[in-house]
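Before any comments, here is the structure.
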Amino acid sequence: MQERRVLTDIQVNRSLLSTVLDTPNWYWPVVGALSIIVGGFVTTIILMITFGLGITGLNRPVFWGFMIVNFVFWVGISHAGVMISSILRICQAEWRRPVTRAAEVLTVFALATAASFPLIHMGRMWRFYWVFPYDFDRMIWPDVRSPLIWDPSAIFTYLTGASMFVFMALLPDLGNLRDRTTGWQRTFYAIASLGWRGNPRQFKLQFILGILLSGLILPVFVSVHSIVSWDFAVSLVPAWHATVFAPYFVIGAVHSGVSGVVTMMVVLRKLFKWDDFITPDHFDALGRLLIAVATAWLYFFMLDLFFGIYGGESRELSVMDQRLLTMPWGGMFFLIIVLGYIVPVSAWLFRSVRRNLTWMFVLSILVNVSMWLERLWLIVPGLQNKERLPFDWGVYEPGLFEIMLVVGSFAVVCLGLLVFIKLFPLIPVWEEKEGQLFQAEIRIGKRRVPAIIRE
Amino acid sequence: MQHAIHSRHVNPRPHLPETPAALTRDVLGKFSRPQGTGLLVVSGILVLLGIAGFAMRLSGGFSDRGAWGYYAAIYVFLLSTAAAAPILAVATRLTKGYWRKPLVRMAEMFATVGILSVAMLIPILGVLPPIEGRTTFWMAWPDHHWYPQMSLVAGVLGLTICGFGLLFISAKPDLAAARDHVPGAGRGFGAWLATGWAGTPHQWKIVRQGVTYLGIFYLMMLVGVHFVVSVEMAITLVPGWRDPIFPAYHAVSSLQAGLAMLVLTLGILRANGYKEYLALDQFWNPGKLLMSFSMLWFYFWWSGFIIFWYGRTAPEEGVMMTVMFGPTFGAFIVAFFCSFAVPLLMLMWNPVRVSIKGPVIASAVILVGNLFDRIRIYEGAFLVTQQGGHFVEHIPATRMPDVADLLVAVGVVGGIMFIYLIGMRIIPLLSLWELKEGQLLTETRHILGAEVVAIGKPE
Amino acid sequence: MPKRTILGVYQKPDDVAETVTRLRQAGYADNDFDILSGTPYPEGTFGEKVAAHRLYVFPLVGAICGFSIALLITAGTQLSYPMVTGGKPLLSIPPMLIIMYEGTMLGAILATVMGVIFESRLPRFDLGVYDTRITEGYLGVLVASPEEKLGYTEQLLRETGAEDIKKR
């Protein structure tokens with residue numbers, strides 16, 4: 001691990017703050033292009049508000065389609081961030097340093113995007129405040145027995161925690177930026193840094209914050225996707241009503257999220273030439289982590305499948321028949337297993353693949369394609385199941401607007417990341433400097449073994 | 001960087017003898033003059049008591065399944081603790097945890113207890129009902145009556161063989177050291193096992209890779225065994241029990257109990273001659289894991305419970321009554337508190353978690369919790385006599401354990417101790433080669449006023 | 001007696017450790033000087049006093065507050081509008097636990113963040129004597145010196161290798 005060069009503080013500053021202090025040529029064109037797509041996204045929402053949800057493909061009996069799939073997908077992506085940064089902080093893994101903030105920021109933007117989907121899907125989104133117990137006059141309250149009320153509480157907690165985490169860990173770097181800038185920028189960073197000076201006390205508290213907040217956010221992160229899964233599982237819809245849903249969703253989220261972080265890191269390394277900071281070692285470590293995560297995901301996936309068939313209940317069996325043997329769902333099942341497990345995991349078993357950025361990029365995209373399909377495959381067939389009344393038989397056909405929302409959501413997250421990069425350093429500068437300080441080697445004979453330093 | 005909150009009275013890190021030669025002498029000295037002869041005799045007597053209890057149970061025949069419920073629970077407790085204890089060695093090797101070195105062998109040594117797991121499985125095979133007329137996992141092959149039994153045997157036997165293989169490969173360099181340095185009878189059977197070891201780079205490579213791959217394999221086998229055991233010995237016995245999370249819950253609670261078993265053993269060993277090797281690091285780090293496993297216990301239990309509570313269908317009500325709120329309600333309450341609430345509340349506090357005694361006491365509590373958890377599941381499931389149907393139509397009444405059950409329980413505890421104590425007389429209880437590797441890769445350094453330790457982590 | 005602040009800017013960590021020793025010998029208490037750096041050094045690198053804090057109280061208090069508020073909301077809304085939904089009891093405890101859990105964690109997280117800000121003695125509107133090179137790898141030793149010892153302190157800082165001195 002850590003085949004890094006030793007860099008001085010000035011060099012670290014120059015490379016890592018360059019995203020804020022200089023603007024690369026491609027930046028504004030890309031932002032412009034993304035803004036156009038985001039414009040399309042917003043237009044779609046406005047059209048949906050104006051003409052109603054009827055313009056989408058949602059109709060009886062399938063009322064949860066692409067928007068809910070997208071919600072689950074983005075909540076899933078948001079899980080990597082905190083999982084990676086918290087677990088690595090708690091374990092004090094040395095290779096966490098360049099990864100943590102990028103992962104956390106991805107969490108924040110993915111989660112905010114995810115949270116927008118239930119709002120869009122609500123139709124009358126201006127009534128979102130109905131989930132809060134506000135009506136003291138008439139004493140009419142939201143029903144806490146409904147999982148749709150748990151969702152906002154979980155997502156609000158998670159979003160608050162993750163943004164606070166990002167902000168607090170930014171303080172030393174905001175202080176750094178304050179010292180590097182002039183004019184209005186200096187004023188902005190001076191206020192944002194809260195007057196950070198960097199004495200031992202402040203750094204000690206930064207360290208404790210990292211551990212403490214990680215410990216607090218990890219249980220929240222598990223609860224968020226569990227609650228999302230309970231939106232489905234506490235109902236009696238066949239194939240949704242499965243006890244395994246909570247851990248199954250969480251591990252699936254981690255699978256897609258860690259892959260999302262891999263995708264993002266490859267892109268960032270290429271764009272900003274961060275070869276000194278993001279090394280093949282990082283991809284190697286993430287690849288190994290992904291093997292374990294993917295295998296755990298497969299385990300839960302199989303449990304869900306086996307027990308769906310095991311009971312021999314006719315409704316469950318008819319959904320399973322639809323999922324496994326009827327097109328397009330059967331083909332989707334095949335893709336989910338092949339793209340989500342067989343291809344990537346067999347490739348990750350090779351060290352050379354794990355250390356090859358192009359491979360890692362392609363594989364991580366495949367995983368997320370598979371995971372998006374998996375959510376669709378989980379959600380829609382259960383609703384499409386032919387129940388007793390033929391009146392309620394129907395097939396879900398997503399419309400143009402829903403596809404626009406899916407495409408737009410990717411643009412929203414990318415644009416958010418680009419704006420963040422322009423304002424704040426995406427690799428924690430102070431942590432990177434600490435890493436330089438703690439870089440060590442132990443020499444045995446002809447080998448130099450990289451070492452970690454513990455107090 | 002670790003702003004440690006070390007308690008002032010214990011050494012945070014093991015104090016090993018300075019040179020490799022002194023380390024070898026010390027480790028092999030402990031090996032050739034093992035302690036615990038008295039305990040060996042006591043545990044032997046307990047085993048005899050257990051055999052007596054087993055004979056009493058056997059005299060009642062196999063037909064009354066409810067009578068075998070406690071036996072099954074104790075058996076699965078054995079599978080959940082002793083068989084899961086080596087996992088910490090596997091996991092910390094994979095993640096290169098630097099604090100693992102003194103305790104890996106102590107964990108792997110639990111693989112020897114697999115003998116007992118295999119032996120105790122035999123009567124259960126006779127107790128399991130035929131698969132006709134009920135829902136089983138063998139739905140596509142209804143004519144094969146013995147599939148549940150065969151899968152159980154294959155699983156437990158495979159796990160045991162894999163465990164022995166793991167122990168043997170990881171111990172081979174140390175057995176060779178014993179062969180070369182321990183005089184006379186102390187070398188024993190182990191020296192024969194070490195035949196052919198010379199320590200060439202090729203042999204080392206095989207040891208490293210063997211330990212890694214067998215470890216991964218052991219973990220996967222363990223998860224598989226828990227699937228088979230929970231399905232064939234609990235889920236399929238209760239009509240209408242369709243619960244995909246249950247095998248995962250079973251495996252997670254077993255990992256928790258296995259870790260607890262190991263930490264308790266470490267505590268006992270520290271008090272009996274291994275103080276210099278087992279320092280705060282070897283308790284604090286497993287303590288963190290114990291705390292997270294306590295939360296996971298709740299999480300996996302809750303994930304199942306909330307779905308049943310919301311579903312409220314007849315099969316779900318029946319299952320909840322059978323294994324939680326019906327005949328084994330008392331056991332469930334004990335399990336809930338001892339597996340989750342008490343250890344979590346204990347280990348949340350820094351002074352308890354960052355200590356030797358704290359994790360050890362929490363482990364003892366967790367072991368009690370796991371035993372009662374297995375009782376509530378297996379006694380509950382075995383009490384259901386209804387064959388077939390969509391849900392449990394008649395919730396059985398509570399059945400208290402009799403003398404035979406208590407004797408079997410005592411016998412299993414004695415058996416674990418007995419086999420472990422025999423094991424440490426054949427194979428050194430400290431992984432000498434990994435300790436020496438640790439010595440090579442650790443250096444004390446100074447960054448100005450602060451003393452730090454550099455720990456090398458090769459690929 | 002009015003105190004002035006004086007900042008010595010250093011390049012080498014060894015010099016800072018030496019300065020701390022000299023300052024102690026010169027009769028400065030632990031609270032009279034502080035070290036500024038752009039990198040977290042291991043605790044006690046410069047022989048400075050290890051900072052005490054009471055951060056662990058904050059999440060506890062926050063958790064208790066969050067738990068209580070969530071308990072109030074979940075129990076109160078169910079009891080004050082008794083309507084059976086989905087065949088569940090009027091006071092359904094399992095769903096309450098979920099929201100109470102989130103409330104507890106939210107309280108703990110917010111309180112932790114506030115605790116860190118408070119214990120770091122932030123926000124600090126006036127930066128005081130400061131040098132921007134500190135975030136470029138230099139180190140600062142900040143001394144609160146009595147007016148009459150100012151010259152002596154400056155001399156001390158220069159002797160121990162300060163490249164630059166700032167006063168206020």
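Each chain of the structure tokens is named A, B, ... in the order shown, its residues numbered from 1; ligands are numbered from 1 in display order.
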Near Gly287 (chain B), within 8 Å and counting only C-alpha atoms, which residues show up once chain neighbours fewer than 2 positions away are dropped, as a PyMOL selection string? chain B and resi 283-285+289-291+347+353-354+359
Compile the contact shell of Ala108 (chain C) as a list in words: residues with an atom at most 6 Å away, counting only C-alpha atoms, same-chain residues fewer than 6 positions apart removed.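 The residues satisfying every condition are Pro59, Gly62 and Ala63 of chain C.
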Atoms kept (C-alpha atoms) for selection, written as a PDB file, in the first residue's frame:
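result35.pdb was written with the following content:
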```pdb
ATOM      1  CA  PRO C  59     -24.119  13.420  22.329  1.00  0.00           C
ATOM      2  CA  GLY C  62     -28.594  15.397  22.576  1.00  0.00           C
ATOM      3  CA  ALA C  63     -29.708  11.785  22.452  1.00  0.00           C
TER       4      ALA C  63
END
```
Nearest candidate to chain A (options C:Ser68, C:Thr85, C:Thr153, C:Thr5; using only C-alpha atoms): C:Thr85
Test item, strand (DSSP E) assignment across region 30-163 of chain C, answer as a PyMOL selection string: chain C and resi 33-36+139-146
Using only C-alpha atoms, find the residues of chain A whose closest atom to chain B is at most 9 Å away, then write them as a ChimeraX atom specification. /A:1,92,204,207-208,219,223,226,230,233-236,241-248,299-300,303-308,310-312,438,440-444,448-455
Quick one: write out the picked residues with N, CA and C atoms as a short mmCIF file (atom, residue, chain, number, x, y, z; two decimals), in the first residue's frame?
```cif
data_model
loop_
_atom_site.label_atom_id
_atom_site.label_comp_id
_atom_site.auth_asym_id
_atom_site.auth_seq_id
_atom_site.Cartn_x
_atom_site.Cartn_y
_atom_site.Cartn_z
N MET A 1 0.83 -1.19 0.00
CA MET A 1 0.00 0.00 0.00
C MET A 1 0.88 1.26 0.00
N GLN A 92 -9.42 3.33 11.23
CA GLN A 92 -8.22 4.12 10.98
C GLN A 92 -7.40 3.56 9.84
N LYS A 204 -7.41 18.01 17.79
CA LYS A 204 -7.81 16.85 18.59
C LYS A 204 -9.32 16.64 18.48
N PHE A 207 -10.34 15.13 15.28
CA PHE A 207 -10.13 13.68 15.27
C PHE A 207 -11.26 12.96 15.98
N ILE A 208 -11.60 13.45 17.18
CA ILE A 208 -12.67 12.80 17.94
C ILE A 208 -13.98 12.89 17.18
N PRO A 219 -25.07 3.65 12.37
CA PRO A 219 -26.39 3.07 12.64
C PRO A 219 -27.52 3.79 11.90
N SER A 223 -30.21 2.26 9.20
CA SER A 223 -31.66 2.41 9.39
C SER A 223 -32.33 3.02 8.17
N SER A 226 -33.03 0.51 5.53
CA SER A 226 -33.98 -0.46 6.09
C SER A 226 -35.37 0.11 6.03
N TRP A 230 -38.73 -1.09 4.20
CA TRP A 230 -40.00 -1.37 4.88
C TRP A 230 -41.17 -0.67 4.22
N ALA A 233 -41.91 -3.68 2.42
CA ALA A 233 -42.03 -4.99 3.05
C ALA A 233 -43.16 -5.06 4.08
N VAL A 234 -43.53 -3.96 4.70
CA VAL A 234 -44.61 -4.09 5.69
C VAL A 234 -45.98 -4.18 5.03
N SER A 235 -46.02 -3.99 3.71
CA SER A 235 -47.30 -4.20 3.02
C SER A 235 -47.49 -5.70 2.80
N LEU A 236 -48.64 -6.05 2.25
CA LEU A 236 -48.88 -7.48 2.00
C LEU A 236 -48.74 -7.83 0.52
N HIS A 241 -43.44 -8.61 0.73
CA HIS A 241 -43.61 -8.88 2.16
C HIS A 241 -42.61 -9.95 2.60
N ALA A 242 -41.32 -9.57 2.64
CA ALA A 242 -40.28 -10.54 2.99
C ALA A 242 -39.43 -9.98 4.12
N THR A 243 -39.15 -10.82 5.10
CA THR A 243 -38.43 -10.32 6.26
C THR A 243 -37.01 -9.88 5.93
N VAL A 244 -36.45 -10.45 4.86
CA VAL A 244 -35.04 -10.18 4.58
C VAL A 244 -34.81 -8.81 3.95
N PHE A 245 -35.90 -8.12 3.62
CA PHE A 245 -35.74 -6.90 2.83
C PHE A 245 -34.76 -5.88 3.42
N ALA A 246 -34.80 -5.68 4.72
CA ALA A 246 -33.97 -4.60 5.28
C ALA A 246 -32.47 -4.84 5.03
N PRO A 247 -31.89 -5.93 5.52
CA PRO A 247 -30.46 -6.10 5.25
C PRO A 247 -30.16 -6.29 3.78
N TYR A 248 -31.11 -6.85 3.06
CA TYR A 248 -30.91 -7.06 1.62
C TYR A 248 -30.80 -5.72 0.90
N TYR A 299 -25.90 -13.46 -1.32
CA TYR A 299 -26.46 -14.31 -0.26
C TYR A 299 -27.89 -13.89 0.08
N PHE A 300 -28.07 -12.59 0.31
CA PHE A 300 -29.41 -12.11 0.65
C PHE A 300 -30.36 -12.24 -0.54
N LEU A 303 -31.45 -15.74 -0.60
CA LEU A 303 -32.39 -16.02 0.49
C LEU A 303 -33.79 -15.56 0.11
N ASP A 304 -33.84 -14.34 -0.44
CA ASP A 304 -35.13 -13.78 -0.81
C ASP A 304 -35.81 -14.66 -1.86
N LEU A 305 -35.03 -15.10 -2.82
CA LEU A 305 -35.56 -15.91 -3.91
C LEU A 305 -36.04 -17.27 -3.41
N PHE A 306 -35.18 -17.95 -2.63
CA PHE A 306 -35.51 -19.29 -2.14
C PHE A 306 -36.79 -19.26 -1.32
N PHE A 307 -36.84 -18.32 -0.39
CA PHE A 307 -38.00 -18.32 0.50
C PHE A 307 -39.26 -17.87 -0.22
N GLY A 308 -39.09 -17.09 -1.29
CA GLY A 308 -40.26 -16.72 -2.08
C GLY A 308 -40.92 -17.96 -2.66
N TYR A 310 -40.25 -21.15 -1.55
CA TYR A 310 -40.39 -22.19 -0.54
C TYR A 310 -41.81 -22.34 0.01
N GLY A 311 -42.44 -21.20 0.30
CA GLY A 311 -43.75 -21.31 0.94
C GLY A 311 -44.81 -21.98 0.07
N GLY A 312 -44.63 -21.90 -1.25
CA GLY A 312 -45.59 -22.51 -2.14
C GLY A 312 -46.91 -21.76 -2.20
N PHE A 438 2.75 10.91 8.49
CA PHE A 438 2.76 9.58 9.10
C PHE A 438 3.23 8.50 8.14
N ALA A 440 5.42 5.94 6.64
CA ALA A 440 6.56 5.26 7.23
C ALA A 440 6.85 3.99 6.47
N GLU A 441 8.04 3.53 6.63
CA GLU A 441 8.43 2.26 6.02
C GLU A 441 9.28 1.49 7.01
N ILE A 442 9.22 0.20 6.89
CA ILE A 442 10.11 -0.63 7.70
C ILE A 442 10.97 -1.41 6.73
N ARG A 443 12.27 -1.38 6.98
CA ARG A 443 13.16 -2.06 6.05
C ARG A 443 13.55 -3.42 6.62
N ILE A 444 13.32 -4.45 5.83
CA ILE A 444 13.77 -5.79 6.19
C ILE A 444 14.53 -6.31 4.99
N ARG A 448 11.21 -3.01 1.36
CA ARG A 448 10.74 -1.88 2.16
C ARG A 448 9.25 -2.08 2.33
N VAL A 449 8.85 -2.30 3.57
CA VAL A 449 7.45 -2.59 3.82
C VAL A 449 6.76 -1.32 4.28
N PRO A 450 5.70 -0.89 3.57
CA PRO A 450 4.98 0.29 4.03
C PRO A 450 4.34 0.03 5.40
N ALA A 451 4.37 1.05 6.22
CA ALA A 451 3.89 0.84 7.59
C ALA A 451 2.87 1.90 7.96
N ILE A 452 2.07 1.60 8.97
CA ILE A 452 1.19 2.61 9.53
C ILE A 452 1.73 3.00 10.90
N ILE A 453 1.40 4.20 11.30
CA ILE A 453 1.91 4.69 12.58
C ILE A 453 0.76 4.74 13.57
N ARG A 454 1.01 4.20 14.73
CA ARG A 454 0.00 4.26 15.79
C ARG A 454 0.62 4.90 17.00
N GLU A 455 -0.24 5.68 17.68
CA GLU A 455 0.30 6.29 18.89
C GLU A 455 0.34 5.27 20.01
#
```
Show which residues sit within 9 Å of Arg197 (chain A), as an NGL selection string. Count only C-alpha atoms, and ignore same-chain residues fewer than 4 positions away. (:A and (172 or 175 or 202)) or (:C and (36-38 or 127 or 130 or 134))
Residues of chain A within 6 Å of chain C: nearest atom pair and distance (Å, one decimal) for each, counting only C-alpha atoms, sorted by chain and number, as a Markdown table?
```
| residue | atom | partner | partner_atom | distance |
| --- | --- | --- | --- | --- |
| A:Asp9 | CA | C:Gly137 | CA | 5.1 |
| A:Ile10 | CA | C:Glu136 | CA | 5.3 |
| A:Trp141 | CA | C:Thr77 | CA | 5.8 |
| A:Arg145 | CA | C:Pro95 | CA | 5.5 |
| A:Ala154 | CA | C:Glu102 | CA | 5.9 |
| A:Thr157 | CA | C:Leu106 | CA | 5.3 |
| A:Asn176 | CA | C:Thr135 | CA | 5.4 |
| A:Asp179 | CA | C:Thr132 | CA | 5.0 |
| A:Leu194 | CA | C:Pro123 | CA | 4.5 |
| A:Gly195 | CA | C:Arg124 | CA | 4.6 |
| A:Gly198 | CA | C:Leu36 | CA | 5.2 |
| A:Asn199 | CA | C:Leu36 | CA | 4.5 |
| A:Arg201 | CA | C:Ala51 | CA | 5.5 |
| A:Gln202 | CA | C:Ser120 | CA | 5.0 |
| A:Phe203 | CA | C:Pro40 | CA | 5.7 |
| A:Trp430 | CA | C:Thr39 | CA | 5.6 |
| A:Lys433 | CA | C:Thr39 | CA | 5.9 |
| A:Glu434 | CA | C:Thr39 | CA | 5.7 |
```
List as a ChimeraX atom specification the protein and nucleic acid residues near Ala409 (chain B), meaning an atom at most 10 Å away when only C-alpha atoms are counted, but skip any in the same chain fewer than 6 places from it. /B:46-47,49-50,53-54,70-71,73-75,77-78,371,403,415
Selection from above, N, CA and C atoms, as an mmCIF file, in the first residue's frame, can you write it?
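Ended up saving to selection33.cif:
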```cif
data_model
loop_
_atom_site.group_PDB
_atom_site.id
_atom_site.type_symbol
_atom_site.label_atom_id
_atom_site.label_comp_id
_atom_site.auth_asym_id
_atom_site.auth_seq_id
_atom_site.Cartn_x
_atom_site.Cartn_y
_atom_site.Cartn_z
ATOM 1 N N LEU B 46 -17.328 -33.761 33.741
ATOM 2 C CA LEU B 46 -18.531 -33.147 33.171
ATOM 3 C C LEU B 46 -18.965 -33.877 31.899
ATOM 4 N N VAL B 47 -17.979 -34.269 31.108
ATOM 5 C CA VAL B 47 -18.310 -34.999 29.886
ATOM 6 C C VAL B 47 -19.032 -36.291 30.238
ATOM 7 N N LEU B 49 -20.821 -36.864 32.849
ATOM 8 C CA LEU B 49 -22.187 -36.508 33.256
ATOM 9 C C LEU B 49 -23.060 -36.287 32.024
ATOM 10 N N GLY B 50 -22.469 -35.602 31.055
ATOM 11 C CA GLY B 50 -23.202 -35.328 29.823
ATOM 12 C C GLY B 50 -23.592 -36.613 29.120
ATOM 13 N N GLY B 53 -26.504 -38.040 30.842
ATOM 14 C CA GLY B 53 -27.728 -37.323 30.452
ATOM 15 C C GLY B 53 -28.194 -37.756 29.076
ATOM 16 N N PHE B 54 -27.239 -37.884 28.177
ATOM 17 C CA PHE B 54 -27.563 -38.296 26.817
ATOM 18 C C PHE B 54 -28.210 -39.681 26.828
ATOM 19 N N TYR B 70 -34.579 -29.371 23.877
ATOM 20 C CA TYR B 70 -33.451 -28.761 24.599
ATOM 21 C C TYR B 70 -32.129 -29.328 24.097
ATOM 22 N N TYR B 71 -32.132 -30.631 23.799
ATOM 23 C CA TYR B 71 -30.915 -31.221 23.252
ATOM 24 C C TYR B 71 -30.530 -30.505 21.963
ATOM 25 N N ALA B 73 -31.352 -27.516 21.052
ATOM 26 C CA ALA B 73 -30.938 -26.140 21.350
ATOM 27 C C ALA B 73 -29.494 -26.111 21.818
ATOM 28 N N ILE B 74 -29.146 -27.052 22.699
ATOM 29 C CA ILE B 74 -27.773 -27.088 23.215
ATOM 30 C C ILE B 74 -26.809 -27.432 22.084
ATOM 31 N N TYR B 75 -27.259 -28.317 21.216
ATOM 32 C CA TYR B 75 -26.404 -28.677 20.089
ATOM 33 C C TYR B 75 -26.146 -27.466 19.202
ATOM 34 N N PHE B 77 -26.349 -24.419 20.068
ATOM 35 C CA PHE B 77 -25.505 -23.495 20.847
ATOM 36 C C PHE B 77 -24.037 -23.853 20.636
ATOM 37 N N LEU B 78 -23.745 -25.141 20.669
ATOM 38 C CA LEU B 78 -22.365 -25.589 20.428
ATOM 39 C C LEU B 78 -21.910 -25.160 19.038
ATOM 40 N N LEU B 371 -27.459 -19.027 24.399
ATOM 41 C CA LEU B 371 -28.032 -20.321 24.789
ATOM 42 C C LEU B 371 -29.560 -20.220 24.863
ATOM 43 N N VAL B 403 -33.814 -33.335 34.028
ATOM 44 C CA VAL B 403 -32.437 -33.602 34.481
ATOM 45 C C VAL B 403 -31.547 -33.952 33.289
ATOM 46 N N GLY B 415 -17.325 -30.719 27.521
ATOM 47 C CA GLY B 415 -16.729 -31.247 26.298
ATOM 48 C C GLY B 415 -15.912 -30.201 25.566
#
```
Provide the CA of Thr81 (chain B) to CA of Asn370 (chain B) distance in Å, to one decimal place. 8.5 Å
From the options C:Val16, C:Ala162, C:Met114, C:Leu7, which residue's atoms come nearest to chain B, counting only C-alpha atoms?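 The closest residue to chain B is C:Val16.
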Spatial neighbours of Glu148 (chain C), max dist 10 Å, only C-alpha atoms, sep filter under 4 positions, as a list in words: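 Close residues of Glu148 (chain C): Met1, Pro2, Lys3, Arg4, Tyr152 and Thr153 of chain C.
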Please, could you write that set of residues out with C-alpha atoms as a tab-separated table (two decimals), in the first residue's frame?
```tsv
chain	number	residue	atom	x	y	z
C	1	MET	CA	-2.29	43.82	33.62
C	2	PRO	CA	-2.95	44.03	29.85
C	3	LYS	CA	-1.57	41.18	27.80
C	4	ARG	CA	-0.23	41.39	24.28
C	152	TYR	CA	12.07	39.33	26.37
C	153	THR	CA	9.57	36.96	24.77
```
Could you pull out the helix (DSSP H, G or I) residues of region 117-160 of chain A, going by DSSP on the backbone, and write them as a PyMOL selection string? chain A and resi 117-122+125-131+147-160
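CA of Met122 (chain A) sits 14.2 Å away from CA of Thr44 (chain A).
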Near-Ala85 (chain B) list (7 Å; only C-alpha atoms; drop same-chain fewer than 4 positions) as a PDB file with N, CA and C atoms, in the first residue's frame:
```
ATOM      1  N   THR B  81     -21.284 -21.344  18.939  1.00  0.00           N
ATOM      2  CA  THR B  81     -20.181 -20.746  19.692  1.00  0.00           C
ATOM      3  C   THR B  81     -18.845 -21.306  19.234  1.00  0.00           C
ATOM      4  N   ALA B 107      -8.131 -18.777  18.724  1.00  0.00           N
ATOM      5  CA  ALA B 107      -9.415 -18.850  18.042  1.00  0.00           C
ATOM      6  C   ALA B 107      -9.512 -20.117  17.205  1.00  0.00           C
ATOM      7  N   PHE B 110     -10.481 -23.663  18.460  1.00  0.00           N
ATOM      8  CA  PHE B 110     -11.873 -24.088  18.642  1.00  0.00           C
ATOM      9  C   PHE B 110     -12.333 -25.003  17.509  1.00  0.00           C
ATOM     10  N   GLY B 258     -19.829 -16.738  18.870  1.00  0.00           N
ATOM     11  CA  GLY B 258     -18.496 -17.304  18.685  1.00  0.00           C
ATOM     12  C   GLY B 258     -17.426 -16.345  19.172  1.00  0.00           C
ATOM     13  N   LEU B 259     -17.623 -15.071  18.848  1.00  0.00           N
ATOM     14  CA  LEU B 259     -16.677 -14.064  19.307  1.00  0.00           C
ATOM     15  C   LEU B 259     -16.685 -13.980  20.832  1.00  0.00           C
ATOM     16  N   MET B 261     -17.451 -16.357  22.893  1.00  0.00           N
ATOM     17  CA  MET B 261     -16.772 -17.549  23.390  1.00  0.00           C
ATOM     18  C   MET B 261     -15.258 -17.333  23.390  1.00  0.00           C
ATOM     19  N   LEU B 262     -14.762 -16.743  22.313  1.00  0.00           N
ATOM     20  CA  LEU B 262     -13.327 -16.513  22.211  1.00  0.00           C
ATOM     21  C   LEU B 262     -12.857 -15.514  23.254  1.00  0.00           C
TER      22      LEU B 262
END
```
Name the closest residue to Lys166 (chain C) among the candidates C:Pro146, C:Phe118, C:Val129, C:Tyr10; distances are taken between atoms, counting only C-alpha atoms.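 With only C-alpha atoms as the atom set, the closest residue is C:Val129.
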Quick one: everything within 8 Å of Ile366 (chain B), counting only C-alpha atoms, minus sequence neighbours fewer than 6 positions away in the same chain. Send it as a PyMOL selection string. chain B and resi 256-257+260+338-340+343
Can I get the selected residues back with N, CA and C atoms, as a short mmCIF file (atom, residue, chain, number, x, y, z; two decimals), in the first residue's frame?
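Final file, again-v1.cif:
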```cif
data_model
loop_
_atom_site.label_atom_id
_atom_site.label_comp_id
_atom_site.auth_asym_id
_atom_site.auth_seq_id
_atom_site.Cartn_x
_atom_site.Cartn_y
_atom_site.Cartn_z
N GLN B 256 -21.69 -13.55 16.69
CA GLN B 256 -21.60 -12.82 17.97
C GLN B 256 -21.21 -13.78 19.09
N ALA B 257 -21.90 -14.92 19.15
CA ALA B 257 -21.64 -15.85 20.24
C ALA B 257 -20.25 -16.48 20.11
N ALA B 260 -17.88 -14.05 21.41
CA ALA B 260 -17.98 -14.00 22.86
C ALA B 260 -17.26 -15.20 23.49
N CYS B 338 -29.85 -10.53 27.14
CA CYS B 338 -28.44 -10.93 27.26
C CYS B 338 -27.71 -10.89 25.93
N SER B 339 -28.42 -10.99 24.83
CA SER B 339 -27.72 -10.90 23.54
C SER B 339 -27.63 -9.48 23.05
N PHE B 340 -28.57 -8.65 23.47
CA PHE B 340 -28.61 -7.31 22.90
C PHE B 340 -28.50 -6.20 23.95
N PRO B 343 -25.33 -6.36 26.87
CA PRO B 343 -23.98 -6.13 26.33
C PRO B 343 -23.84 -4.78 25.64
#
```
